[in-house]
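*Asks:* Pasting protein.tsv here (TSV, C-alpha atoms and all ligand atoms):
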chain	number	residue	atom	x	y	z
A	1	MET	CA	-8.62	-3.06	18.48
A	2	LYS	CA	-8.85	-1.30	15.14
A	3	ILE	CA	-6.28	-1.89	12.40
A	4	PHE	CA	-6.09	0.51	9.47
A	5	TYR	CA	-4.18	-0.71	6.44
A	6	PHE	CA	-2.98	0.38	3.05
A	7	THR	CA	-1.88	-2.25	0.53
A	8	ALA	CA	-1.11	-2.56	-3.18
A	9	THR	CA	0.02	-6.16	-3.48
A	10	GLY	CA	-1.29	-7.70	-0.27
A	11	ASN	CA	1.77	-7.83	1.99
A	12	SER	CA	0.43	-5.21	4.38
A	13	LEU	CA	-3.03	-6.77	4.24
A	14	GLU	CA	-1.60	-10.19	5.13
A	15	ILE	CA	0.10	-8.64	8.17
A	16	ALA	CA	-3.09	-6.76	9.11
A	17	LYS	CA	-5.12	-9.99	8.83
A	18	LEU	CA	-2.67	-11.97	10.98
A	19	LEU	CA	-2.86	-9.25	13.66
A	20	GLY	CA	-6.63	-9.13	13.21
A	21	ASP	CA	-6.90	-12.88	13.86
A	22	THR	CA	-4.73	-12.65	16.98
A	23	PHE	CA	-6.56	-9.71	18.52
A	24	GLY	CA	-10.05	-10.04	17.04
A	25	ALA	CA	-9.48	-6.61	15.53
A	26	GLU	CA	-11.63	-4.67	13.10
A	27	LEU	CA	-9.80	-4.07	9.81
A	28	LEU	CA	-10.31	-0.79	7.95
A	29	SER	CA	-8.87	0.09	4.53
A	30	ILE	CA	-7.28	3.56	4.44
A	31	PRO	CA	-8.56	4.45	0.93
A	32	GLN	CA	-12.09	3.51	2.03
A	33	VAL	CA	-11.79	5.49	5.27
A	34	ILE	CA	-10.61	8.56	3.33
A	35	LYS	CA	-13.50	8.08	0.90
A	36	SER	CA	-16.00	7.81	3.77
A	37	GLY	CA	-14.87	11.12	5.27
A	38	GLN	CA	-14.99	9.72	8.82
A	39	GLN	CA	-12.30	11.41	10.87
A	40	GLU	CA	-12.53	10.28	14.49
A	41	PHE	CA	-11.79	6.76	15.68
A	42	SER	CA	-11.26	5.34	19.15
A	43	ASP	CA	-10.57	1.92	20.62
A	44	ASP	CA	-8.41	0.32	23.33
A	45	LYS	CA	-5.61	-0.19	20.80
A	46	ILE	CA	-5.21	1.20	17.27
A	47	GLY	CA	-2.69	-0.03	14.70
A	48	VAL	CA	-1.82	1.10	11.18
A	49	VAL	CA	-0.18	-1.25	8.66
A	50	PHE	CA	1.36	-0.03	5.40
A	51	PRO	CA	4.41	-0.41	3.13
A	52	VAL	CA	7.49	1.81	3.25
A	53	TYR	CA	8.01	3.88	0.08
A	54	ALA	CA	11.50	5.33	-0.49
A	55	TYR	CA	12.22	5.18	3.28
A	56	ASN	CA	9.10	7.27	3.72
A	57	LEU	CA	5.32	6.97	4.03
A	58	PRO	CA	3.04	6.35	1.08
A	59	ALA	CA	1.58	9.83	0.52
A	60	ILE	CA	-1.94	8.49	1.05
A	61	VAL	CA	-0.89	7.29	4.51
A	62	THR	CA	0.51	10.72	5.44
A	63	ARG	CA	-2.75	12.29	4.29
A	64	PHE	CA	-4.66	9.74	6.38
A	65	PHE	CA	-2.67	10.54	9.53
A	66	ARG	CA	-3.11	14.27	8.95
A	67	SER	CA	-6.86	14.01	8.46
A	68	VAL	CA	-7.95	11.66	11.26
A	69	LYS	CA	-7.95	11.72	15.04
A	70	LEU	CA	-7.02	8.35	16.55
A	71	THR	CA	-7.71	7.92	20.25
A	72	ALA	CA	-6.40	4.81	22.02
A	73	GLU	CA	-4.42	3.69	25.07
A	74	TYR	CA	-1.86	2.18	22.73
A	75	THR	CA	-1.12	3.12	19.11
A	76	PHE	CA	1.35	1.47	16.77
A	77	ALA	CA	2.38	1.07	13.14
A	78	VAL	CA	3.60	-2.06	11.39
A	79	VAL	CA	5.56	-1.22	8.25
A	80	ALA	CA	6.11	-3.79	5.49
A	81	HIS	CA	9.39	-3.38	3.60
A	82	GLY	CA	11.42	-5.08	0.92
A	83	GLY	CA	14.75	-5.11	2.70
A	84	ASP	CA	15.47	-1.57	3.92
A	85	PRO	CA	12.84	0.50	5.75
A	86	GLY	CA	15.37	3.27	6.49
A	87	ASN	CA	14.45	5.42	9.48
A	88	ILE	CA	10.73	4.99	8.95
A	89	GLY	CA	10.03	5.40	12.69
A	90	GLY	CA	11.73	8.81	12.53
A	91	VAL	CA	9.75	9.93	9.48
A	92	LEU	CA	6.51	8.70	11.02
A	93	ALA	CA	7.23	10.69	14.17
A	94	LYS	CA	6.89	13.83	12.06
A	95	ALA	CA	3.42	12.82	10.88
A	96	VAL	CA	1.87	11.27	13.99
A	97	LYS	CA	2.62	10.42	17.61
A	98	LEU	CA	2.61	6.62	18.01
A	99	ASP	CA	3.66	4.39	20.89
A	100	ASN	CA	5.71	2.04	18.72
A	101	VAL	CA	6.70	1.27	15.13
A	102	TYR	CA	7.46	-2.28	14.03
A	103	THR	CA	8.87	-3.42	10.67
A	104	VAL	CA	8.35	-6.67	8.76
A	105	ARG	CA	10.50	-7.94	5.87
A	106	THR	CA	8.46	-8.88	2.78
A	107	TRP	CA	8.98	-9.32	-0.97
A	108	SER	CA	9.71	-5.96	-2.63
A	109	ASN	CA	6.98	-5.05	-5.10
A	110	TYR	CA	8.76	-1.99	-6.55
A	111	LEU	CA	8.77	-3.14	-10.18
A	112	PRO	CA	11.41	-0.69	-11.52
A	113	PHE	CA	13.99	-2.23	-9.15
A	114	CYS	CA	12.92	-5.90	-9.36
A	115	ASP	CA	15.26	-8.51	-10.82
A	116	ASP	CA	13.96	-10.72	-13.64
A	117	VAL	CA	13.29	-13.65	-11.30
A	118	PRO	CA	10.04	-15.21	-10.09
A	119	PRO	CA	8.81	-13.44	-6.94
A	120	VAL	CA	9.09	-15.30	-3.65
A	121	HIS	CA	6.56	-15.02	-0.85
A	122	ILE	CA	8.35	-14.31	2.41
A	123	ASP	CA	6.68	-16.03	5.39
A	124	VAL	CA	5.86	-13.28	7.88
A	125	SER	CA	3.93	-15.36	10.43
A	126	ALA	CA	6.76	-15.81	12.98
A	127	GLY	CA	7.71	-12.13	12.80
A	128	VAL	CA	4.11	-10.99	13.19
A	129	ALA	CA	3.62	-13.40	16.14
A	130	LYS	CA	6.61	-11.78	17.87
A	131	ILE	CA	5.25	-8.30	17.19
A	132	SER	CA	1.86	-9.44	18.56
A	133	GLU	CA	3.54	-10.33	21.87
A	134	GLU	CA	5.03	-6.82	22.04
A	135	ILE	CA	1.67	-5.28	21.22
A	136	LYS	CA	0.04	-7.33	24.00
A	137	ALA	CA	2.69	-6.05	26.41
A	138	GLU	CA	2.16	-2.51	25.05
A	139	ALA	CA	5.87	-2.11	24.38
A	140	ARG	CA	6.79	1.51	23.74
A	141	LYS	CA	9.70	3.00	21.81
A	142	GLU	CA	10.64	6.55	20.86
A	143	PHE	CA	12.15	7.27	17.45
A	144	GLY	CA	14.27	10.38	16.90
A	145	MET	CA	12.67	12.67	14.33
A	146	SER	CA	14.03	12.28	10.82
A	147	ASN	CA	15.15	15.26	8.72
A	148	GLU	CA	12.85	13.94	6.00
A	149	GLU	CA	9.33	15.30	5.68
A	150	PRO	CA	6.57	12.68	5.26
A	151	PHE	CA	5.38	12.61	1.64
A	152	GLU	CA	1.97	14.25	1.16
A	153	ILE	CA	2.18	14.04	-2.62
A	154	ALA	CA	4.12	11.10	-4.01
A	155	PRO	CA	7.37	12.29	-5.66
A	156	TRP	CA	6.48	10.01	-8.60
A	157	HIS	CA	2.92	11.31	-8.94
A	158	ASN	CA	3.39	11.59	-12.74
A	159	MET	CA	4.96	8.15	-13.06
A	160	ALA	CA	1.91	6.32	-14.38
A	161	LEU	CA	1.60	8.69	-17.32
A	162	ASP	CA	4.43	6.61	-18.88
A	163	TYR	CA	2.73	3.25	-18.32
A	164	LYS	CA	1.54	1.35	-21.41
A	165	TRP	CA	-0.89	-1.46	-22.16
A	166	ARG	CA	0.09	-4.42	-24.34
A	167	SER	CA	-2.42	-5.55	-26.95
A	168	ASN	CA	-3.48	-8.52	-24.80
A	169	CYS	CA	-5.37	-6.03	-22.56
A	170	THR	CA	-8.95	-7.24	-22.18
A	171	ALA	CA	-10.16	-3.90	-20.83
A	172	CYS	CA	-11.39	-5.70	-17.71
A	173	GLY	CA	-10.72	-2.58	-15.64
A	174	THR	CA	-8.80	-4.34	-12.86
A	175	CYS	CA	-6.07	-1.66	-13.06
A	176	ALA	CA	-8.66	1.03	-12.35
A	177	LYS	CA	-10.39	-1.01	-9.63
A	178	VAL	CA	-7.19	-1.60	-7.60
A	179	CYS	CA	-6.05	2.04	-7.81
A	180	PRO	CA	-6.38	3.54	-4.30
A	181	VAL	CA	-6.66	7.12	-5.58
A	182	GLY	CA	-8.87	6.74	-8.67
A	183	ASN	CA	-5.99	7.75	-10.94
A	184	PHE	CA	-7.79	6.57	-14.08
A	185	THR	CA	-10.14	8.12	-16.58
A	186	LEU	CA	-12.21	6.29	-19.12
A	187	ASP	CA	-11.05	7.06	-22.66
A	188	ALA	CA	-14.32	7.95	-24.34
A	189	ASP	CA	-12.64	8.01	-27.77
A	190	ASN	CA	-11.57	4.42	-27.49
A	191	PRO	CA	-14.29	2.37	-25.87
A	192	ASP	CA	-14.35	-0.62	-28.22
A	193	LYS	CA	-12.34	-3.13	-26.14
A	194	ASN	CA	-10.56	-4.47	-29.24
A	195	GLY	CA	-7.51	-5.36	-27.24
A	196	VAL	CA	-6.71	-1.67	-26.82
A	197	PRO	CA	-7.03	-0.07	-23.40
A	198	MET	CA	-10.01	2.04	-22.53
A	199	PHE	CA	-8.26	3.67	-19.59
A	200	ARG	CA	-5.93	6.62	-19.22
A	201	PHE	CA	-4.00	7.86	-16.20
A	202	THR	CA	-4.04	11.24	-14.57
A	203	ASP	CA	-1.28	12.61	-12.36
A	204	HIS	CA	-2.27	11.45	-8.86
A	205	CYS	CA	-0.15	8.29	-8.93
A	206	GLU	CA	0.91	6.95	-5.52
A	207	GLY	CA	3.52	4.73	-7.22
A	208	CYS	CA	2.04	1.79	-5.33
A	209	MET	CA	2.28	-0.64	-8.29
A	210	ALA	CA	-1.21	-2.06	-7.64
A	211	CYS	CA	-2.31	-1.56	-11.28
A	212	LEU	CA	0.86	-3.08	-12.75
A	213	GLN	CA	1.14	-5.97	-10.32
A	214	ASN	CA	-2.51	-7.02	-10.21
A	215	CYS	CA	-3.32	-7.03	-13.96
A	216	PRO	CA	-4.70	-10.54	-14.61
A	217	VAL	CA	-2.91	-10.79	-18.00
A	218	SER	CA	0.18	-8.63	-17.26
A	219	ALA	CA	-0.90	-6.25	-20.01
A	220	LEU	CA	0.08	-3.08	-18.19
A	221	TYR	CA	3.82	-2.37	-18.15
A	222	ILE	CA	6.50	0.27	-17.70
A	223	PRO	CA	8.63	0.79	-20.83
A	224	ASN	CA	12.08	-0.79	-20.23
A	225	GLU	CA	10.92	-2.53	-17.05
A	226	PRO	CA	13.60	-4.91	-15.73
A	227	THR	CA	11.32	-7.91	-15.10
A	228	LYS	CA	8.47	-9.73	-16.85
A	229	TYR	CA	7.22	-11.11	-13.52
A	230	ARG	CA	4.37	-9.75	-11.46
A	231	TYR	CA	3.69	-10.13	-7.73
A	232	ARG	CA	0.67	-10.38	-5.49
A	233	ASN	CA	0.92	-11.94	-2.03
A	234	PRO	CA	-0.34	-15.53	-2.55
A	235	ASN	CA	-2.41	-15.41	0.67
A	236	ILE	CA	-4.39	-12.40	-0.58
A	237	THR	CA	-6.91	-12.47	-3.42
A	238	LEU	CA	-7.44	-9.91	-6.16
A	239	GLU	CA	-10.97	-9.43	-4.80
A	240	GLU	CA	-9.52	-8.41	-1.41
A	241	ILE	CA	-7.26	-5.82	-3.07
A	242	ILE	CA	-10.22	-4.45	-5.05
A	243	ALA	CA	-12.38	-4.29	-1.93
A	244	ALA	CA	-9.61	-2.39	-0.15
A	245	ASN	CA	-8.74	0.06	-2.92
A	246	LYS	CA	-11.62	0.63	-5.30
A	247	VAL	CA	-12.67	4.26	-4.90
A	248	THR	CA	-14.26	5.03	-8.27
A	249	GLU	CA	-17.05	3.49	-10.33
A	250	ILE	CA	-14.97	2.98	-13.50
B	1	LIG	C1	7.07	3.27	-4.59
B	1	LIG	C2	7.68	2.16	-3.74
B	1	LIG	C3	8.80	2.44	-2.98
B	1	LIG	C4	9.35	1.44	-2.17
B	1	LIG	N1	10.41	1.77	-1.37
B	1	LIG	C5	10.93	0.84	-0.53
B	1	LIG	C6	11.99	1.17	0.34
B	1	LIG	O1	12.46	2.32	0.42
B	1	LIG	N2	12.52	0.21	1.13
B	1	LIG	C7	12.04	-1.09	1.09
B	1	LIG	O2	12.56	-1.93	1.82
B	1	LIG	N3	10.99	-1.43	0.31
B	1	LIG	C8	10.42	-0.51	-0.50
B	1	LIG	N4	9.34	-0.83	-1.30
B	1	LIG	C9	8.78	-2.20	-1.22
B	1	LIG	C10	7.48	-2.28	-0.39
B	1	LIG	O3	7.59	-1.53	0.80
B	1	LIG	C11	7.15	-3.75	-0.04
B	1	LIG	O4	7.19	-4.58	-1.15
B	1	LIG	C12	5.79	-3.88	0.65
B	1	LIG	O5	5.70	-5.18	1.18
B	1	LIG	C13	4.60	-3.68	-0.29
B	1	LIG	O6	3.42	-3.79	0.49
B	1	LIG	P1	1.99	-4.11	-0.11
B	1	LIG	O7	2.08	-5.51	-0.73
B	1	LIG	O8	1.09	-4.11	1.07
B	1	LIG	O9	1.67	-3.08	-1.11
B	1	LIG	C14	8.78	0.13	-2.13
B	1	LIG	C15	7.66	-0.14	-2.92
B	1	LIG	C16	7.11	0.86	-3.72
B	1	LIG	C17	5.88	0.54	-4.54
Hey, can you dump this file as C-alpha cells for me?
*Replies:*
Amino acid sequence: MKIFYFTATGNSLEIAKLLGDTFGAELLSIPQVIKSGQQEFSDDKIGVVFPVYAYNLPAIVTRFFRSVKLTAEYTFAVVAHGGDPGNIGGVLAKAVKLDNVYTVRTWSNYLPFCDDVPPVHIDVSAGVAKISEEIKAEARKEFGMSNEEPFEIAPWHNMALDYKWRSNCTACGTCAKVCPVGNFTLDADNPDKNGVPMFRFTDHCEGCMACLQNCPVSALYIPNEPTKYRYRNPNITLEEIIAANKVTEI
C-alpha cells in the first residue's frame, strides 16, 4: 500500500502514520511528490490523507490528483476535519475517481476561526482502526457529485500577505521550511536578524496555517487574530512537518 498525505499541523500525518503502521504502507508527502515530478504510481491499495479546507480540497491536493496517475485495486481518501467536512466526497468525485472516502474528526487548525482556548488533541486511534477494517474489506461507496469545483488555486492565496512577525522573531526560518508551496522570499534588504523578520510572502498561499502554527516562538501572527494559542498535533514533531513540506532552500 502507498499512502500520500498533505499536512500543515500533523493531524493528517498522524492518521497516515496510523494507517501506515496497520498496513505496512509506504508514506509519501504530496509536496515532495509534486517537487519530484513523478507522475505514475501503482500498488495493491493507494490512499490519500489530507485536511478539508472550506468543505473543499486543499488546492495543492487538487493539483496532485490532476497531475498523477494512481493505479490500484482499491483507492481511498481519508479526510481530516475540524467538525464539518461538508460534502467532501462529492467534491472529491469531481477531481478523482476513488473507491471510498472516509472522514476523521480532529482539532480545527484554522486560526481565524479558533476560540481563545488551549488546543485539545482529539484521539483518532479508534476511528482510524475502524476505517482500517473497512479498508481491509475494500468497502466501496459512491458519492454524488457536488456542484462545487475542487479548488486549484486557494481562494485565500493572497492571505499571507497580511501576516506579520512580532519582534521576538529569531529569523530561524521555520515558517519558510514548513511552507508546502515555497511561498516565501528572503528579504535581501533586511538580513540582519535583529529580531526583525528576514522573510516575505508571495501570493501562492494555500491557507494551510503551517507557518503560523509551527513557529517555535509564536512570532508570526494574523492582525486581529482571535486566539493567542498555536496548535501542532502532539504526536507529530516539527521535524516531521519540515520533512514533509520543505520545498525550497531558504
Ligand atoms: C484553510 C482551512 C480551511 C478549513 N476548513 C475546514 C472546514 O471547512 N471544515 C472543517 O471541519 N475543518 C476545516 N479546517 C480544519 C482542518 O481541516 C483540520 O484542522 C485538519 O485536521 C488539519 O489537518 P493537518 O493538521 O493535517 O493540517 C480548515 C483548516 C484550514 C487551514
*Asks:* Mind checking which residues fall within 10 Å of A:Ser218, counting only C-alpha atoms, ignoring those fewer than 3 positions away in the same chain, and posting them as a count of residues only?
*Replies:* 13
*Asks:* Could you give me the residues within 6 Å of ligand LIG 1 (chain B), counting only C-alpha atoms and all ligand atoms, as a ChimeraX atom specification?
*Replies:* /A:7-13,50-55,80-85,106-110,207-209
*Asks:* Would you list the contacts of A:Val128 as number ranges by chain, taking every protein, DNA or RNA residue within 8 Å and counting all atoms listed in the file, but skipping same-chain residues closer than 6 positions in sequence?
*Replies:* A: 15, 18-19, 104
*Asks:* Quick one: write out the picked residues with C-alpha atoms as a PDB file, in the coordinates of the input?
*Replies:*
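Saved the output as again03.pdb:
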ATOM      1  CA  ILE A  15       0.100  -8.640   8.170  1.00  0.00           C
ATOM      2  CA  LEU A  18      -2.670 -11.970  10.980  1.00  0.00           C
ATOM      3  CA  LEU A  19      -2.860  -9.250  13.660  1.00  0.00           C
ATOM      4  CA  VAL A 104       8.350  -6.670   8.760  1.00  0.00           C
TER       5      VAL A 104
END
*Asks:* Give me the box for stretch 197-208 of chain A as AutoDock Vina command-line options, namely the centre and edge lengths in Å to one decimal of a box along x, y and z that holds every listed atom plus 5 Å on each side.
*Replies:*
--center_x -3.2 --center_y 6.3 --center_z -14.4 --size_x 23.5 --size_y 22.7 --size_z 28.1
*Asks:* Just the residues within 12 Å of A:Glu134, please, counting all atoms listed in the file, with nothing from its chain fewer than 2 positions along; format it as an MDAnalysis selection string.
*Replies:* chainID A and resid 19 74 76 78 99:102 127:132 136:141
*Asks:* Check the smallest atom-to-atom distance from each of A:Cys172, A:Ala93, A:Ile34, A:Leu98 to A:Gly144 using all atoms listed in the file, then report the winner.
*Replies:*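 The answer is A:Ala93, which sits nearest to A:Gly144.
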*Asks:* Would you mind reading off the distance between atom CA of A:Lys246 and atom CA of A:His204, one decimal, in Å?
*Replies:* 14.7 Å
*Asks:* Need the shell around A:Glu152: protein/DNA/RNA residues with any atom at most 8 Å away, counting only C-alpha atoms. Skip same-chain ones fewer than 3 positions apart. Format as a PyMOL selection string?
*Replies:* chain A and resi 58-60+62-63
*Asks:* Within 9 Å of A:Glu73, counting only C-alpha atoms, which residues show up once you throw out same-chain ones fewer than 6 positions away? Write them as number ranges by chain, please.
*Replies:* A: 43-46
*Asks:* Output C-alpha atoms for every residue in the selection just made, as a compact mmCIF listing (two decimals), keeping the file's coordinate frame.
*Replies:*
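This is the output file selection24.txt:
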# COMPACT_ATOMS: atom_id res chain seq x y z
CA ASP A 43 -10.57 1.92 20.62
CA ASP A 44 -8.41 0.32 23.33
CA LYS A 45 -5.61 -0.19 20.80
CA ILE A 46 -5.21 1.20 17.27
*Asks:* Rank nothing, just name the residue among A:Arg66, A:Gly47, A:Asn224, A:Phe6 nearest to A:Ala210, using only C-alpha atoms.
*Replies:* A:Phe6
*Asks:* Between atom CA of A:Lys94 and atom CA of A:Met145, what is the distance, to one decimal in Å?
*Replies:* 6.3 Å
*Asks:* Counting only C-alpha atoms, note down every residue that has an atom within 12 Å of the point (-19.0, 2.6, -10.4) (file coordinates), as a ChimeraX atom specification.
*Replies:* /A:173,176-177,182,186,246-250
*Asks:* Some atoms are missing, so please complete stretch 40-74 of chain A with N, CA and C atoms and return it as a PDB file, in the frame of the given file.
*Replies:*
ATOM      1  N   GLU A  40     -12.876  10.556  13.090  1.00  0.00           N
ATOM      2  CA  GLU A  40     -12.530  10.280  14.490  1.00  0.00           C
ATOM      3  C   GLU A  40     -12.731   8.811  14.771  1.00  0.00           C
ATOM      4  N   PHE A  41     -11.729   8.189  15.369  1.00  0.00           N
ATOM      5  CA  PHE A  41     -11.790   6.760  15.680  1.00  0.00           C
ATOM      6  C   PHE A  41     -11.209   6.556  17.074  1.00  0.00           C
ATOM      7  N   SER A  42     -11.836   5.672  17.842  1.00  0.00           N
ATOM      8  CA  SER A  42     -11.260   5.340  19.150  1.00  0.00           C
ATOM      9  C   SER A  42     -11.430   3.855  19.423  1.00  0.00           C
ATOM     10  N   ASP A  43     -10.536   3.326  20.237  1.00  0.00           N
ATOM     11  CA  ASP A  43     -10.570   1.920  20.620  1.00  0.00           C
ATOM     12  C   ASP A  43      -9.544   1.742  21.733  1.00  0.00           C
ATOM     13  N   ASP A  44      -9.454   0.506  22.301  1.00  0.00           N
ATOM     14  CA  ASP A  44      -8.410   0.320  23.330  1.00  0.00           C
ATOM     15  C   ASP A  44      -7.020   0.402  22.692  1.00  0.00           C
ATOM     16  N   LYS A  45      -6.867  -0.276  21.536  1.00  0.00           N
ATOM     17  CA  LYS A  45      -5.610  -0.190  20.800  1.00  0.00           C
ATOM     18  C   LYS A  45      -5.934   0.136  19.341  1.00  0.00           C
ATOM     19  N   ILE A  46      -5.061   0.908  18.701  1.00  0.00           N
ATOM     20  CA  ILE A  46      -5.210   1.200  17.270  1.00  0.00           C
ATOM     21  C   ILE A  46      -3.868   0.989  16.587  1.00  0.00           C
ATOM     22  N   GLY A  47      -3.900   0.212  15.478  1.00  0.00           N
ATOM     23  CA  GLY A  47      -2.690  -0.030  14.700  1.00  0.00           C
ATOM     24  C   GLY A  47      -2.890   0.402  13.257  1.00  0.00           C
ATOM     25  N   VAL A  48      -1.782   0.715  12.589  1.00  0.00           N
ATOM     26  CA  VAL A  48      -1.820   1.100  11.180  1.00  0.00           C
ATOM     27  C   VAL A  48      -0.733   0.308  10.458  1.00  0.00           C
ATOM     28  N   VAL A  49      -1.115  -0.391   9.385  1.00  0.00           N
ATOM     29  CA  VAL A  49      -0.180  -1.250   8.660  1.00  0.00           C
ATOM     30  C   VAL A  49      -0.062  -0.755   7.226  1.00  0.00           C
ATOM     31  N   PHE A  50       1.159  -0.556   6.764  1.00  0.00           N
ATOM     32  CA  PHE A  50       1.360  -0.030   5.400  1.00  0.00           C
ATOM     33  C   PHE A  50       2.785  -0.325   4.942  1.00  0.00           C
ATOM     34  N   PRO A  51       3.044  -0.191   3.627  1.00  0.00           N
ATOM     35  CA  PRO A  51       4.410  -0.410   3.130  1.00  0.00           C
ATOM     36  C   PRO A  51       5.264   0.849   3.225  1.00  0.00           C
ATOM     37  N   VAL A  52       6.574   0.663   3.339  1.00  0.00           N
ATOM     38  CA  VAL A  52       7.490   1.810   3.250  1.00  0.00           C
ATOM     39  C   VAL A  52       7.697   2.131   1.768  1.00  0.00           C
ATOM     40  N   TYR A  53       7.731   3.435   1.449  1.00  0.00           N
ATOM     41  CA  TYR A  53       8.010   3.880   0.080  1.00  0.00           C
ATOM     42  C   TYR A  53       9.191   4.853   0.134  1.00  0.00           C
ATOM     43  N   ALA A  54      10.316   4.460  -0.457  1.00  0.00           N
ATOM     44  CA  ALA A  54      11.500   5.330  -0.490  1.00  0.00           C
ATOM     45  C   ALA A  54      11.849   5.829   0.912  1.00  0.00           C
ATOM     46  N   TYR A  55      11.904   4.889   1.864  1.00  0.00           N
ATOM     47  CA  TYR A  55      12.220   5.180   3.280  1.00  0.00           C
ATOM     48  C   TYR A  55      11.232   6.161   3.891  1.00  0.00           C
ATOM     49  N   ASN A  56      10.059   6.256   3.324  1.00  0.00           N
ATOM     50  CA  ASN A  56       9.100   7.270   3.720  1.00  0.00           C
ATOM     51  C   ASN A  56       7.714   6.635   3.758  1.00  0.00           C
ATOM     52  N   LEU A  57       6.696   7.463   4.006  1.00  0.00           N
ATOM     53  CA  LEU A  57       5.320   6.970   4.030  1.00  0.00           C
ATOM     54  C   LEU A  57       4.704   7.058   2.640  1.00  0.00           C
ATOM     55  N   PRO A  58       3.874   6.088   2.253  1.00  0.00           N
ATOM     56  CA  PRO A  58       3.040   6.350   1.080  1.00  0.00           C
ATOM     57  C   PRO A  58       2.281   7.663   1.328  1.00  0.00           C
ATOM     58  N   ALA A  59       2.200   8.512   0.312  1.00  0.00           N
ATOM     59  CA  ALA A  59       1.580   9.830   0.520  1.00  0.00           C
ATOM     60  C   ALA A  59       0.154   9.701   1.049  1.00  0.00           C
ATOM     61  N   ILE A  60      -0.555   8.680   0.599  1.00  0.00           N
ATOM     62  CA  ILE A  60      -1.940   8.490   1.050  1.00  0.00           C
ATOM     63  C   ILE A  60      -1.986   8.211   2.560  1.00  0.00           C
ATOM     64  N   VAL A  61      -0.928   7.589   3.074  1.00  0.00           N
ATOM     65  CA  VAL A  61      -0.890   7.290   4.510  1.00  0.00           C
ATOM     66  C   VAL A  61      -0.600   8.569   5.304  1.00  0.00           C
ATOM     67  N   THR A  62       0.284   9.419   4.779  1.00  0.00           N
ATOM     68  CA  THR A  62       0.510  10.720   5.440  1.00  0.00           C
ATOM     69  C   THR A  62      -0.802  11.510   5.481  1.00  0.00           C
ATOM     70  N   ARG A  63      -1.498  11.523   4.340  1.00  0.00           N
ATOM     71  CA  ARG A  63      -2.750  12.290   4.290  1.00  0.00           C
ATOM     72  C   ARG A  63      -3.770  11.720   5.275  1.00  0.00           C
ATOM     73  N   PHE A  64      -3.781  10.389   5.404  1.00  0.00           N
ATOM     74  CA  PHE A  64      -4.660   9.740   6.380  1.00  0.00           C
ATOM     75  C   PHE A  64      -4.322  10.232   7.798  1.00  0.00           C
ATOM     76  N   PHE A  65      -3.048  10.134   8.169  1.00  0.00           N
ATOM     77  CA  PHE A  65      -2.670  10.540   9.530  1.00  0.00           C
ATOM     78  C   PHE A  65      -3.017  12.000   9.785  1.00  0.00           C
ATOM     79  N   ARG A  66      -2.872  12.830   8.745  1.00  0.00           N
ATOM     80  CA  ARG A  66      -3.110  14.270   8.950  1.00  0.00           C
ATOM     81  C   ARG A  66      -4.582  14.618   8.941  1.00  0.00           C
ATOM     82  N   SER A  67      -5.438  13.666   8.537  1.00  0.00           N
ATOM     83  CA  SER A  67      -6.860  14.010   8.460  1.00  0.00           C
ATOM     84  C   SER A  67      -7.719  13.328   9.530  1.00  0.00           C
ATOM     85  N   VAL A  68      -7.133  12.358  10.269  1.00  0.00           N
ATOM     86  CA  VAL A  68      -7.950  11.660  11.260  1.00  0.00           C
ATOM     87  C   VAL A  68      -7.434  11.904  12.678  1.00  0.00           C
ATOM     88  N   LYS A  69      -8.333  11.679  13.626  1.00  0.00           N
ATOM     89  CA  LYS A  69      -7.950  11.720  15.040  1.00  0.00           C
ATOM     90  C   LYS A  69      -8.101  10.305  15.578  1.00  0.00           C
ATOM     91  N   LEU A  70      -7.005   9.713  16.030  1.00  0.00           N
ATOM     92  CA  LEU A  70      -7.020   8.350  16.550  1.00  0.00           C
ATOM     93  C   LEU A  70      -6.830   8.406  18.061  1.00  0.00           C
ATOM     94  N   THR A  71      -7.805   7.873  18.794  1.00  0.00           N
ATOM     95  CA  THR A  71      -7.710   7.920  20.250  1.00  0.00           C
ATOM     96  C   THR A  71      -7.667   6.507  20.799  1.00  0.00           C
ATOM     97  N   ALA A  72      -6.558   6.157  21.471  1.00  0.00           N
ATOM     98  CA  ALA A  72      -6.400   4.810  22.020  1.00  0.00           C
ATOM     99  C   ALA A  72      -5.356   4.836  23.129  1.00  0.00           C
ATOM    100  N   GLU A  73      -5.424   3.838  24.013  1.00  0.00           N
ATOM    101  CA  GLU A  73      -4.420   3.690  25.070  1.00  0.00           C
ATOM    102  C   GLU A  73      -3.056   3.366  24.473  1.00  0.00           C
ATOM    103  N   TYR A  74      -3.108   2.640  23.343  1.00  0.00           N
ATOM    104  CA  TYR A  74      -1.860   2.180  22.730  1.00  0.00           C
ATOM    105  C   TYR A  74      -1.998   2.269  21.213  1.00  0.00           C
TER     106      TYR A  74
END
